[in-house]
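Q: Dropping in target_24.pdb, which is PDB, C-alpha atoms and all ligand atoms:
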```
ATOM      1  CA  MET A   1     -21.757 -67.927  -8.403
ATOM      2  CA  SER A   2     -23.947 -65.722  -6.264
ATOM      3  CA  GLN A   3     -26.709 -67.459  -4.375
ATOM      4  CA  LEU A   4     -28.963 -64.728  -5.753
ATOM      5  CA  ALA A   5     -28.250 -65.767  -9.349
ATOM      6  CA  ASN A   6     -31.787 -67.141  -9.773
ATOM      7  CA  ILE A   7     -33.556 -64.123  -8.375
ATOM      8  CA  SER A   8     -34.921 -63.248 -11.804
ATOM      9  CA  ALA A   9     -36.695 -66.622 -11.924
ATOM     10  CA  LEU A  10     -38.736 -65.907  -8.790
ATOM     11  CA  ARG A  11     -42.307 -65.223  -9.843
ATOM     12  CA  THR A  12     -45.828 -65.850  -8.604
ATOM     13  CA  ASP A  13     -48.966 -66.097 -10.674
ATOM     14  CA  TYR A  14     -51.831 -64.400  -8.824
ATOM     15  CA  ARG A  15     -55.167 -66.207  -9.013
ATOM     16  CA  LYS A  16     -57.063 -65.640  -5.791
ATOM     17  CA  ALA A  17     -59.628 -62.983  -6.709
ATOM     18  CA  ALA A  18     -60.799 -60.271  -9.093
ATOM     19  CA  LEU A  19     -61.722 -56.620  -8.589
ATOM     20  CA  ASP A  20     -64.183 -54.590 -10.647
ATOM     21  CA  GLU A  21     -65.203 -50.964 -10.601
ATOM     22  CA  ALA A  22     -68.727 -51.705  -9.353
ATOM     23  CA  SER A  23     -67.649 -53.731  -6.316
ATOM     24  CA  VAL A  24     -65.502 -50.951  -4.840
ATOM     25  CA  GLY A  25     -68.495 -48.605  -4.345
ATOM     26  CA  GLN A  26     -68.378 -44.803  -4.575
ATOM     27  CA  HIS A  27     -66.007 -43.916  -1.697
ATOM     28  CA  PRO A  28     -62.546 -45.408  -1.076
ATOM     29  CA  ILE A  29     -62.518 -45.264   2.740
ATOM     30  CA  PRO A  30     -65.305 -47.814   3.375
ATOM     31  CA  PHE A  31     -63.723 -50.048   0.731
ATOM     32  CA  PHE A  32     -60.313 -49.713   2.420
ATOM     33  CA  GLU A  33     -61.943 -50.690   5.724
ATOM     34  CA  LYS A  34     -63.551 -53.723   4.043
ATOM     35  CA  TRP A  35     -60.211 -54.875   2.593
ATOM     36  CA  PHE A  36     -58.446 -54.197   5.892
ATOM     37  CA  LEU A  37     -60.936 -56.386   7.792
ATOM     38  CA  GLU A  38     -60.505 -59.088   5.151
ATOM     39  CA  ALA A  39     -56.717 -58.914   5.633
ATOM     40  CA  CYS A  40     -57.187 -59.345   9.391
ATOM     41  CA  ALA A  41     -59.604 -62.249   8.840
ATOM     42  CA  ALA A  42     -57.033 -63.865   6.499
ATOM     43  CA  GLU A  43     -54.472 -63.537   9.327
ATOM     44  CA  VAL A  44     -52.113 -61.371   7.302
ATOM     45  CA  ALA A  45     -49.194 -60.760   9.682
ATOM     46  CA  GLU A  46     -49.273 -57.121  10.826
ATOM     47  CA  ALA A  47     -51.960 -56.081   8.356
ATOM     48  CA  ASN A  48     -51.517 -52.522   9.663
ATOM     49  CA  ALA A  49     -47.835 -52.376   8.670
ATOM     50  CA  MET A  50     -47.386 -49.943   5.785
ATOM     51  CA  THR A  51     -44.561 -48.320   3.908
ATOM     52  CA  LEU A  52     -44.510 -44.569   4.460
ATOM     53  CA  ALA A  53     -42.710 -42.597   1.754
ATOM     54  CA  THR A  54     -41.742 -38.995   2.402
ATOM     55  CA  ALA A  55     -39.455 -36.565   0.608
ATOM     56  CA  SER A  56     -37.240 -33.715   1.705
ATOM     57  CA  LYS A  57     -37.854 -30.227   0.333
ATOM     58  CA  GLU A  58     -35.182 -30.978  -2.290
ATOM     59  CA  GLY A  59     -37.294 -33.959  -3.401
ATOM     60  CA  ILE A  60     -34.995 -36.687  -2.037
ATOM     61  CA  PRO A  61     -37.268 -39.657  -1.221
ATOM     62  CA  HIS A  62     -37.128 -41.767   1.953
ATOM     63  CA  ALA A  63     -39.284 -44.805   2.757
ATOM     64  CA  ARG A  64     -39.769 -46.941   5.842
ATOM     65  CA  MET A  65     -42.416 -49.063   7.567
ATOM     66  CA  VAL A  66     -44.805 -47.633  10.161
ATOM     67  CA  LEU A  67     -47.988 -48.952  11.750
ATOM     68  CA  LEU A  68     -51.429 -47.642  10.831
ATOM     69  CA  LYS A  69     -53.160 -46.763  14.099
ATOM     70  CA  GLY A  70     -56.538 -45.570  12.869
ATOM     71  CA  VAL A  71     -58.758 -44.543   9.988
ATOM     72  CA  GLU A  72     -60.670 -41.495  11.154
ATOM     73  CA  ASN A  73     -61.975 -38.202   9.764
ATOM     74  CA  ASN A  74     -61.320 -39.682   6.315
ATOM     75  CA  GLY A  75     -57.590 -39.960   7.044
ATOM     76  CA  PHE A  76     -54.951 -42.508   8.029
ATOM     77  CA  THR A  77     -53.102 -42.017  11.319
ATOM     78  CA  PHE A  78     -49.704 -43.162  12.576
ATOM     79  CA  PHE A  79     -47.361 -42.162  15.406
ATOM     80  CA  THR A  80     -43.682 -41.378  15.490
ATOM     81  CA  ASN A  81     -40.930 -39.076  16.682
ATOM     82  CA  TYR A  82     -41.412 -35.564  15.236
ATOM     83  CA  ASP A  83     -37.606 -35.072  15.372
ATOM     84  CA  SER A  84     -36.894 -38.189  13.309
ATOM     85  CA  ASN A  85     -35.854 -38.070   9.667
ATOM     86  CA  LYS A  86     -39.451 -38.658   8.598
ATOM     87  CA  GLY A  87     -40.613 -35.964  11.012
ATOM     88  CA  HIS A  88     -38.207 -33.477   9.421
ATOM     89  CA  ASP A  89     -39.248 -34.469   5.896
ATOM     90  CA  LEU A  90     -42.911 -33.986   6.776
ATOM     91  CA  GLN A  91     -42.246 -30.614   8.324
ATOM     92  CA  GLU A  92     -40.518 -29.426   5.137
ATOM     93  CA  ASN A  93     -42.792 -31.185   2.687
ATOM     94  CA  PRO A  94     -46.224 -32.392   3.826
ATOM     95  CA  HIS A  95     -46.797 -34.700   0.823
ATOM     96  CA  ALA A  96     -46.471 -38.421   1.536
ATOM     97  CA  ALA A  97     -47.480 -41.861   0.303
ATOM     98  CA  LEU A  98     -48.457 -45.119   2.014
ATOM     99  CA  VAL A  99     -48.306 -48.663   0.624
ATOM    100  CA  PHE A 100     -49.859 -51.791   2.089
ATOM    101  CA  TYR A 101     -49.053 -55.242   0.666
ATOM    102  CA  TRP A 102     -51.287 -58.066   1.835
ATOM    103  CA  LYS A 103     -49.559 -61.026   0.253
ATOM    104  CA  GLU A 104     -51.997 -63.644   1.494
ATOM    105  CA  LEU A 105     -54.775 -61.901  -0.461
ATOM    106  CA  GLU A 106     -52.578 -60.821  -3.392
ATOM    107  CA  ARG A 107     -53.577 -57.215  -2.704
ATOM    108  CA  GLN A 108     -51.808 -53.861  -2.632
ATOM    109  CA  VAL A 109     -53.253 -50.512  -1.538
ATOM    110  CA  ARG A 110     -51.478 -47.243  -2.401
ATOM    111  CA  ILE A 111     -52.481 -43.975  -0.761
ATOM    112  CA  GLU A 112     -51.153 -40.490  -1.518
ATOM    113  CA  GLY A 113     -51.989 -37.207   0.124
ATOM    114  CA  ARG A 114     -51.173 -34.406   2.461
ATOM    115  CA  ILE A 115     -50.017 -34.872   6.028
ATOM    116  CA  GLU A 116     -51.057 -32.926   9.116
ATOM    117  CA  ARG A 117     -50.042 -33.315  12.740
ATOM    118  CA  LEU A 118     -52.685 -34.776  15.033
ATOM    119  CA  SER A 119     -53.818 -32.596  17.920
ATOM    120  CA  ASP A 120     -51.911 -32.827  21.217
ATOM    121  CA  ALA A 121     -55.061 -34.289  22.780
ATOM    122  CA  ALA A 122     -55.210 -37.107  20.194
ATOM    123  CA  SER A 123     -51.470 -37.838  20.599
ATOM    124  CA  ASP A 124     -51.835 -37.840  24.403
ATOM    125  CA  GLU A 125     -54.749 -40.243  24.223
ATOM    126  CA  TYR A 126     -52.872 -42.752  22.093
ATOM    127  CA  PHE A 127     -49.572 -42.314  23.985
ATOM    128  CA  HIS A 128     -51.235 -43.148  27.287
ATOM    129  CA  SER A 129     -52.833 -46.279  25.807
ATOM    130  CA  ARG A 130     -49.356 -47.713  25.030
ATOM    131  CA  PRO A 131     -47.551 -50.181  27.300
ATOM    132  CA  GLU A 132     -45.130 -48.641  29.797
ATOM    133  CA  GLY A 133     -42.086 -49.967  27.967
ATOM    134  CA  SER A 134     -43.129 -48.293  24.700
ATOM    135  CA  ARG A 135     -43.792 -45.002  26.503
ATOM    136  CA  LEU A 136     -40.299 -45.126  28.032
ATOM    137  CA  GLY A 137     -38.839 -46.081  24.662
ATOM    138  CA  ALA A 138     -40.254 -42.866  23.165
ATOM    139  CA  TRP A 139     -38.217 -40.906  25.729
ATOM    140  CA  ALA A 140     -35.108 -43.079  25.503
ATOM    141  CA  SER A 141     -34.625 -43.099  21.723
ATOM    142  CA  PRO A 142     -33.427 -40.009  19.839
ATOM    143  CA  GLN A 143     -34.902 -41.607  16.714
ATOM    144  CA  SER A 144     -32.793 -41.389  13.533
ATOM    145  CA  LYS A 145     -29.782 -39.872  15.337
ATOM    146  CA  ILE A 146     -26.386 -41.609  15.232
ATOM    147  CA  ILE A 147     -25.577 -43.059  18.657
ATOM    148  CA  PRO A 148     -22.249 -44.572  19.756
ATOM    149  CA  ASN A 149     -23.627 -47.911  20.965
ATOM    150  CA  ARG A 150     -26.654 -49.705  22.430
ATOM    151  CA  ASP A 151     -25.575 -48.979  25.996
ATOM    152  CA  VAL A 152     -26.565 -45.354  25.486
ATOM    153  CA  LEU A 153     -30.133 -46.429  24.761
ATOM    154  CA  GLU A 154     -30.302 -48.782  27.740
ATOM    155  CA  ALA A 155     -28.902 -46.085  30.015
ATOM    156  CA  ASN A 156     -31.476 -43.592  28.725
ATOM    157  CA  TYR A 157     -34.251 -46.100  29.295
ATOM    158  CA  ASN A 158     -33.174 -46.746  32.892
ATOM    159  CA  LYS A 159     -32.790 -43.033  33.539
ATOM    160  CA  TYR A 160     -36.330 -42.222  32.402
ATOM    161  CA  GLN A 161     -37.753 -45.247  34.212
ATOM    162  CA  GLN A 162     -36.390 -43.864  37.470
ATOM    163  CA  GLN A 163     -37.258 -40.276  36.646
ATOM    164  CA  PHE A 164     -40.911 -40.928  35.870
ATOM    165  CA  ALA A 165     -41.549 -43.794  38.320
ATOM    166  CA  GLY A 166     -45.111 -44.578  37.261
ATOM    167  CA  HIS A 167     -46.500 -41.526  35.422
ATOM    168  CA  ILE A 168     -44.833 -41.156  32.059
ATOM    169  CA  PRO A 169     -45.847 -37.968  30.207
ATOM    170  CA  ARG A 170     -45.844 -37.801  26.410
ATOM    171  CA  PRO A 171     -42.607 -36.259  25.128
ATOM    172  CA  ALA A 172     -43.290 -33.091  23.102
ATOM    173  CA  HIS A 173     -41.218 -34.637  20.274
ATOM    174  CA  TRP A 174     -43.496 -37.669  19.918
ATOM    175  CA  GLY A 175     -47.002 -37.800  18.453
ATOM    176  CA  GLY A 176     -49.293 -38.560  15.570
ATOM    177  CA  PHE A 177     -49.776 -37.573  11.968
ATOM    178  CA  ILE A 178     -52.814 -37.988   9.739
ATOM    179  CA  LEU A 179     -52.567 -38.504   5.997
ATOM    180  CA  LEU A 180     -55.546 -36.950   4.192
ATOM    181  CA  PRO A 181     -55.759 -38.829   0.900
ATOM    182  CA  SER A 182     -56.057 -37.294  -2.534
ATOM    183  CA  CYS A 183     -55.639 -40.643  -4.288
ATOM    184  CA  ILE A 184     -56.229 -44.279  -3.235
ATOM    185  CA  GLU A 185     -55.527 -47.237  -5.497
ATOM    186  CA  PHE A 186     -56.700 -50.813  -4.914
ATOM    187  CA  TRP A 187     -54.685 -53.511  -6.693
ATOM    188  CA  GLN A 188     -55.743 -57.130  -6.978
ATOM    189  CA  GLY A 189     -53.228 -59.537  -8.474
ATOM    190  CA  ARG A 190     -54.507 -61.518 -11.477
ATOM    191  CA  SER A 191     -53.083 -64.196 -13.692
ATOM    192  CA  ASN A 192     -50.536 -63.416 -16.453
ATOM    193  CA  ARG A 193     -49.760 -59.968 -14.938
ATOM    194  CA  MET A 194     -53.238 -58.826 -16.099
ATOM    195  CA  HIS A 195     -53.939 -57.351 -12.666
ATOM    196  CA  ASP A 196     -56.998 -55.307 -11.644
ATOM    197  CA  ARG A 197     -56.374 -51.726 -10.543
ATOM    198  CA  VAL A 198     -59.082 -49.313  -9.435
ATOM    199  CA  VAL A 199     -58.054 -45.815  -8.404
ATOM    200  CA  PHE A 200     -60.064 -43.103  -6.646
ATOM    201  CA  ILE A 201     -58.880 -39.538  -7.251
ATOM    202  CA  ASN A 202     -60.223 -36.663  -5.198
ATOM    203  CA  GLU A 203     -61.237 -33.783  -7.443
ATOM    204  CA  SER A 204     -62.378 -30.713  -5.477
ATOM    205  CA  GLY A 205     -63.783 -32.846  -2.690
ATOM    206  CA  ALA A 206     -65.523 -35.463  -4.877
ATOM    207  CA  TRP A 207     -64.087 -38.931  -5.424
ATOM    208  CA  LYS A 208     -63.785 -40.011  -9.085
ATOM    209  CA  LYS A 209     -63.150 -43.663  -9.865
ATOM    210  CA  HIS A 210     -61.092 -45.067 -12.771
ATOM    211  CA  ARG A 211     -59.632 -48.397 -13.909
ATOM    212  CA  LEU A 212     -55.881 -48.369 -14.575
ATOM    213  CA  ALA A 213     -53.902 -50.645 -16.854
ATOM    214  CA  PRO A 214     -51.742 -53.036 -14.846
TER     215      PRO A 214
HETATM  216  C1  LIG B 301     -43.270 -53.406  10.883
HETATM  217  C2  LIG B 301     -42.654 -52.119  11.348
HETATM  218  C3  LIG B 301     -43.445 -51.164  11.958
HETATM  219  C4  LIG B 301     -42.900 -49.957  12.384
HETATM  220  N1  LIG B 301     -43.717 -49.022  12.939
HETATM  221  C5  LIG B 301     -43.233 -47.810  13.275
HETATM  222  C6  LIG B 301     -44.110 -46.783  13.743
HETATM  223  O1  LIG B 301     -45.347 -46.944  13.840
HETATM  224  N2  LIG B 301     -43.550 -45.574  14.071
HETATM  225  C7  LIG B 301     -42.210 -45.342  13.945
HETATM  226  O2  LIG B 301     -41.772 -44.237  14.271
HETATM  227  N3  LIG B 301     -41.360 -46.284  13.481
HETATM  228  C8  LIG B 301     -41.839 -47.513  13.143
HETATM  229  N4  LIG B 301     -40.992 -48.476  12.637
HETATM  230  C9  LIG B 301     -39.562 -48.139  12.465
HETATM  231  C10 LIG B 301     -39.389 -47.348  11.151
HETATM  232  O3  LIG B 301     -39.437 -48.219  10.041
HETATM  233  C11 LIG B 301     -38.088 -46.549  11.106
HETATM  234  O4  LIG B 301     -36.971 -47.384  11.336
HETATM  235  C12 LIG B 301     -38.051 -45.414  12.136
HETATM  236  O5  LIG B 301     -39.312 -44.807  12.298
HETATM  237  C13 LIG B 301     -37.035 -44.345  11.728
HETATM  238  O6  LIG B 301     -37.363 -43.853  10.452
HETATM  239  P1  LIG B 301     -36.767 -42.452   9.904
HETATM  240  O7  LIG B 301     -35.313 -42.414  10.343
HETATM  241  O8  LIG B 301     -36.938 -42.506   8.434
HETATM  242  O9  LIG B 301     -37.570 -41.353  10.546
HETATM  243  C14 LIG B 301     -41.514 -49.699  12.214
HETATM  244  C15 LIG B 301     -40.704 -50.675  11.597
HETATM  245  C16 LIG B 301     -41.267 -51.859  11.182
HETATM  246  C17 LIG B 301     -40.398 -52.883  10.493
END
```
Turn the structure described in the file into structure tokens.

A:
Amino acid sequence: MSQLANISALRTDYRKAALDEASVGQHPIPFFEKWFLEACAAEVAEANAMTLATASKEGIPHARMVLLKGVENNGFTFFTNYDSNKGHDLQENPHAALVFYWKELERQVRIEGRIERLSDAASDEYFHSRPEGSRLGAWASPQSKIIPNRDVLEANYNKYQQQFAGHIPRPAHWGGFILLPSCIEFWQGRSNRMHDRVVFINESGAWKKHRLAP
């Protein structure tokens, strides 16, 4: 029998905390920042790791993890290769979603909105703050392309290391995006699957708050 036969019996009862409409305040960004700091304080591993869901213009969805690198101008920023699969999706269809799961706190945050590219200046600033190896990696990896083997990557890396010897410019195909949210949902696990969900929806620039059934 499959070792996964008991997968349906895996379940956790969530009991750590509660969430009510009053405690989240009137604006979702400060509340996100509060929860994010609490996740860091609780030593959630990679609290800034989030699932990024995109879709092609035909509506085919794709999801993968990326790292949140900032919350600024009321948006959520991350960095990647503009020529990657996600980069192509976002060029064709600027709508995307983010999901954080902070298991240690029994919390999920879902964010949906429109994506824009960060300015070259903002991408440059972050690129140059990265360790040398990561900057070379951005040159060496044709992200999402099929490659024959790992040697190709290593050879690329060595080539760019020699070529740039010290000053590594930002590749034009690498940079940041910002997701400008239209909807942010905070989920707190509760006992008996009677979870708390509070959603903020942006209506013509004003945030409206609602409780959702779990
Ligand atoms: C925890 C974690 C964090 C990641 N962070 C990033 C990131 O910030 N940027 C990025 O381009 N890829 C990141 N990746 C790799 C992506 O998940 C993905 O493999 C890659 O971006 C290619 O995705 P795509 O082919 O859909 O474009 C991360 C992966 C993991 C597991």

Q: Residues up to 6 Å from ligand LIG 301 (chain B), counting all atoms listed in the file: could you list those as a PyMOL selection string?

A: chain A and resi 49+64-67+78-81+84-86+144

Q: Quick check on the file I pasted: which residues fall under the PyMOL selection byres (((chain A and resi 14-27) around 10) and not hetatm)? Write them as a PyMOL selection string.

A: chain A and resi 11-13+28-32+34-35+103-107+184+186-200+202+206-211

Q: Okay, now the selection with C-alpha atoms, as a compact mmCIF listing (two decimals), in the frame of the given file?

A:
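And here is the file that came out, result_3.txt:
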```
# COMPACT_ATOMS: atom_id res chain seq x y z
CA ARG A 11 -42.31 -65.22 -9.84
CA THR A 12 -45.83 -65.85 -8.60
CA ASP A 13 -48.97 -66.10 -10.67
CA PRO A 28 -62.55 -45.41 -1.08
CA ILE A 29 -62.52 -45.26 2.74
CA PRO A 30 -65.31 -47.81 3.38
CA PHE A 31 -63.72 -50.05 0.73
CA PHE A 32 -60.31 -49.71 2.42
CA LYS A 34 -63.55 -53.72 4.04
CA TRP A 35 -60.21 -54.88 2.59
CA LYS A 103 -49.56 -61.03 0.25
CA GLU A 104 -52.00 -63.64 1.49
CA LEU A 105 -54.78 -61.90 -0.46
CA GLU A 106 -52.58 -60.82 -3.39
CA ARG A 107 -53.58 -57.22 -2.70
CA ILE A 184 -56.23 -44.28 -3.24
CA PHE A 186 -56.70 -50.81 -4.91
CA TRP A 187 -54.68 -53.51 -6.69
CA GLN A 188 -55.74 -57.13 -6.98
CA GLY A 189 -53.23 -59.54 -8.47
CA ARG A 190 -54.51 -61.52 -11.48
CA SER A 191 -53.08 -64.20 -13.69
CA ASN A 192 -50.54 -63.42 -16.45
CA ARG A 193 -49.76 -59.97 -14.94
CA MET A 194 -53.24 -58.83 -16.10
CA HIS A 195 -53.94 -57.35 -12.67
CA ASP A 196 -57.00 -55.31 -11.64
CA ARG A 197 -56.37 -51.73 -10.54
CA VAL A 198 -59.08 -49.31 -9.44
CA VAL A 199 -58.05 -45.82 -8.40
CA PHE A 200 -60.06 -43.10 -6.65
CA ASN A 202 -60.22 -36.66 -5.20
CA ALA A 206 -65.52 -35.46 -4.88
CA TRP A 207 -64.09 -38.93 -5.42
CA LYS A 208 -63.78 -40.01 -9.09
CA LYS A 209 -63.15 -43.66 -9.86
CA HIS A 210 -61.09 -45.07 -12.77
CA ARG A 211 -59.63 -48.40 -13.91
```

Q: What gap, in Å, lies between atom CA of Asn156 of chain A and atom CA of Ala140 of chain A?

A: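 Computing the Euclidean distance for atom CA of Asn156 of chain A and atom CA of Ala140 of chain A yields 4.9 Å.
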
Q: Name the residues captured by the PyMOL selection byres (((chain A and resi 88-92) around 12) and not hetatm) when it is applied to the shown file; answer as a PyMOL selection string.

A: chain A and resi 52-63+80-87+93-97+113-117+143-144+173+176-179

Q: Please, what distance in Å, to one decimal, runs between atom CA of Ala42 of chain A and atom CA of Ser134 of chain A?

A: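 Taking atom CA of Ala42 of chain A as the start and atom CA of Ser134 of chain A as the end point, the length is 27.7 Å.
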
Q: Could you tell me how far atom CA of Ala47 of chain A sits from atom CA of Phe100 of chain A, in Å to one decimal place?

A: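 Separation of atom CA of Phe100 of chain A and atom CA of Ala47 of chain A: 7.9 Å.
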
Q: Please provide as a list in words all residues within 12 Å of His167 of chain A, with the sequence filter that same-chain residues fewer than 2 positions apart are discarded (counting all atoms listed in the file).

A: Phe127, His128, Pro131, Glu132, Arg135, Leu136, Tyr160, Gln161, Gln162, Gln163, Phe164, Ala165, Pro169 and Arg170 of chain A

Q: Using the selection just defined, write its residues with C-alpha atoms as a PDB file, in the frame of the given file.

A:
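And here is the file that came out, again.pdb:
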```pdb
ATOM      1  CA  PHE A 127     -49.572 -42.314  23.985  1.00  0.00           C
ATOM      2  CA  HIS A 128     -51.235 -43.148  27.287  1.00  0.00           C
ATOM      3  CA  PRO A 131     -47.551 -50.181  27.300  1.00  0.00           C
ATOM      4  CA  GLU A 132     -45.130 -48.641  29.797  1.00  0.00           C
ATOM      5  CA  ARG A 135     -43.792 -45.002  26.503  1.00  0.00           C
ATOM      6  CA  LEU A 136     -40.299 -45.126  28.032  1.00  0.00           C
ATOM      7  CA  TYR A 160     -36.330 -42.222  32.402  1.00  0.00           C
ATOM      8  CA  GLN A 161     -37.753 -45.247  34.212  1.00  0.00           C
ATOM      9  CA  GLN A 162     -36.390 -43.864  37.470  1.00  0.00           C
ATOM     10  CA  GLN A 163     -37.258 -40.276  36.646  1.00  0.00           C
ATOM     11  CA  PHE A 164     -40.911 -40.928  35.870  1.00  0.00           C
ATOM     12  CA  ALA A 165     -41.549 -43.794  38.320  1.00  0.00           C
ATOM     13  CA  PRO A 169     -45.847 -37.968  30.207  1.00  0.00           C
ATOM     14  CA  ARG A 170     -45.844 -37.801  26.410  1.00  0.00           C
TER      15      ARG A 170
END
```

Q: Using all atoms listed in the file, can you tell me which of A:Ala138, A:Cys40, A:Ile168, A:Leu118 comes closest to Glu72 of chain A?

A: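 Of all the options, A:Leu118 lies closest to Glu72 of chain A.
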
Q: When distances are computed from all atoms listed in the file, which of A:Gly137, A:Ala39, A:Glu112, A:Leu10 shows the smallest separation from Ser182 of chain A?

A: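 Checking each of A:Gly137, A:Ala39, A:Glu112, A:Leu10 against Ser182 of chain A, counting all atoms listed in the file, the winner is A:Glu112.
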
Q: Would you kindly place N, CA and C atoms on segment 129-144 of chain A and return the model as an mmCIF file, keeping the file's coordinate frame?

A:
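So the final result, stored in rebuild_19.cif, reads:
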```cif
data_model
loop_
_atom_site.group_PDB
_atom_site.id
_atom_site.type_symbol
_atom_site.label_atom_id
_atom_site.label_comp_id
_atom_site.auth_asym_id
_atom_site.auth_seq_id
_atom_site.Cartn_x
_atom_site.Cartn_y
_atom_site.Cartn_z
ATOM 1 N N SER A 129 -52.287 -44.921 25.975
ATOM 2 C CA SER A 129 -52.833 -46.279 25.807
ATOM 3 C C SER A 129 -51.704 -47.293 25.562
ATOM 4 N N ARG A 130 -50.464 -46.810 25.380
ATOM 5 C CA ARG A 130 -49.356 -47.713 25.030
ATOM 6 C C ARG A 130 -48.791 -48.374 26.295
ATOM 7 N N PRO A 131 -48.185 -49.542 26.141
ATOM 8 C CA PRO A 131 -47.551 -50.181 27.300
ATOM 9 C C PRO A 131 -46.434 -49.300 27.851
ATOM 10 N N GLU A 132 -46.142 -49.478 29.126
ATOM 11 C CA GLU A 132 -45.130 -48.641 29.797
ATOM 12 C C GLU A 132 -43.791 -48.668 29.065
ATOM 13 N N GLY A 133 -43.391 -49.843 28.631
ATOM 14 C CA GLY A 133 -42.086 -49.967 27.967
ATOM 15 C C GLY A 133 -42.019 -49.124 26.696
ATOM 16 N N SER A 134 -43.119 -49.089 25.932
ATOM 17 C CA SER A 134 -43.129 -48.293 24.700
ATOM 18 C C SER A 134 -43.091 -46.809 25.031
ATOM 19 N N ARG A 135 -43.798 -46.424 26.120
ATOM 20 C CA ARG A 135 -43.792 -45.002 26.503
ATOM 21 C C ARG A 135 -42.373 -44.581 26.921
ATOM 22 N N LEU A 136 -41.680 -45.447 27.644
ATOM 23 C CA LEU A 136 -40.299 -45.126 28.032
ATOM 24 C C LEU A 136 -39.382 -45.103 26.808
ATOM 25 N N GLY A 137 -39.652 -46.022 25.878
ATOM 26 C CA GLY A 137 -38.839 -46.081 24.662
ATOM 27 C C GLY A 137 -38.911 -44.772 23.882
ATOM 28 N N ALA A 138 -40.087 -44.136 23.888
ATOM 29 C CA ALA A 138 -40.254 -42.866 23.165
ATOM 30 C C ALA A 138 -39.353 -41.790 23.760
ATOM 31 N N TRP A 139 -39.150 -41.841 25.081
ATOM 32 C CA TRP A 139 -38.217 -40.906 25.729
ATOM 33 C C TRP A 139 -36.767 -41.296 25.462
ATOM 34 N N ALA A 140 -36.504 -42.609 25.502
ATOM 35 C CA ALA A 140 -35.108 -43.079 25.503
ATOM 36 C C ALA A 140 -34.436 -42.971 24.139
ATOM 37 N N SER A 141 -35.241 -43.016 23.051
ATOM 38 C CA SER A 141 -34.625 -43.099 21.723
ATOM 39 C C SER A 141 -34.640 -41.769 20.980
ATOM 40 N N PRO A 142 -33.483 -41.189 20.717
ATOM 41 C CA PRO A 142 -33.427 -40.009 19.839
ATOM 42 C C PRO A 142 -33.512 -40.487 18.384
ATOM 43 N N GLN A 143 -34.708 -40.870 17.976
ATOM 44 C CA GLN A 143 -34.902 -41.607 16.714
ATOM 45 C C GLN A 143 -34.206 -40.937 15.528
ATOM 46 N N SER A 144 -33.521 -41.749 14.766
ATOM 47 C CA SER A 144 -32.793 -41.389 13.533
ATOM 48 C C SER A 144 -31.437 -40.727 13.779
#
```
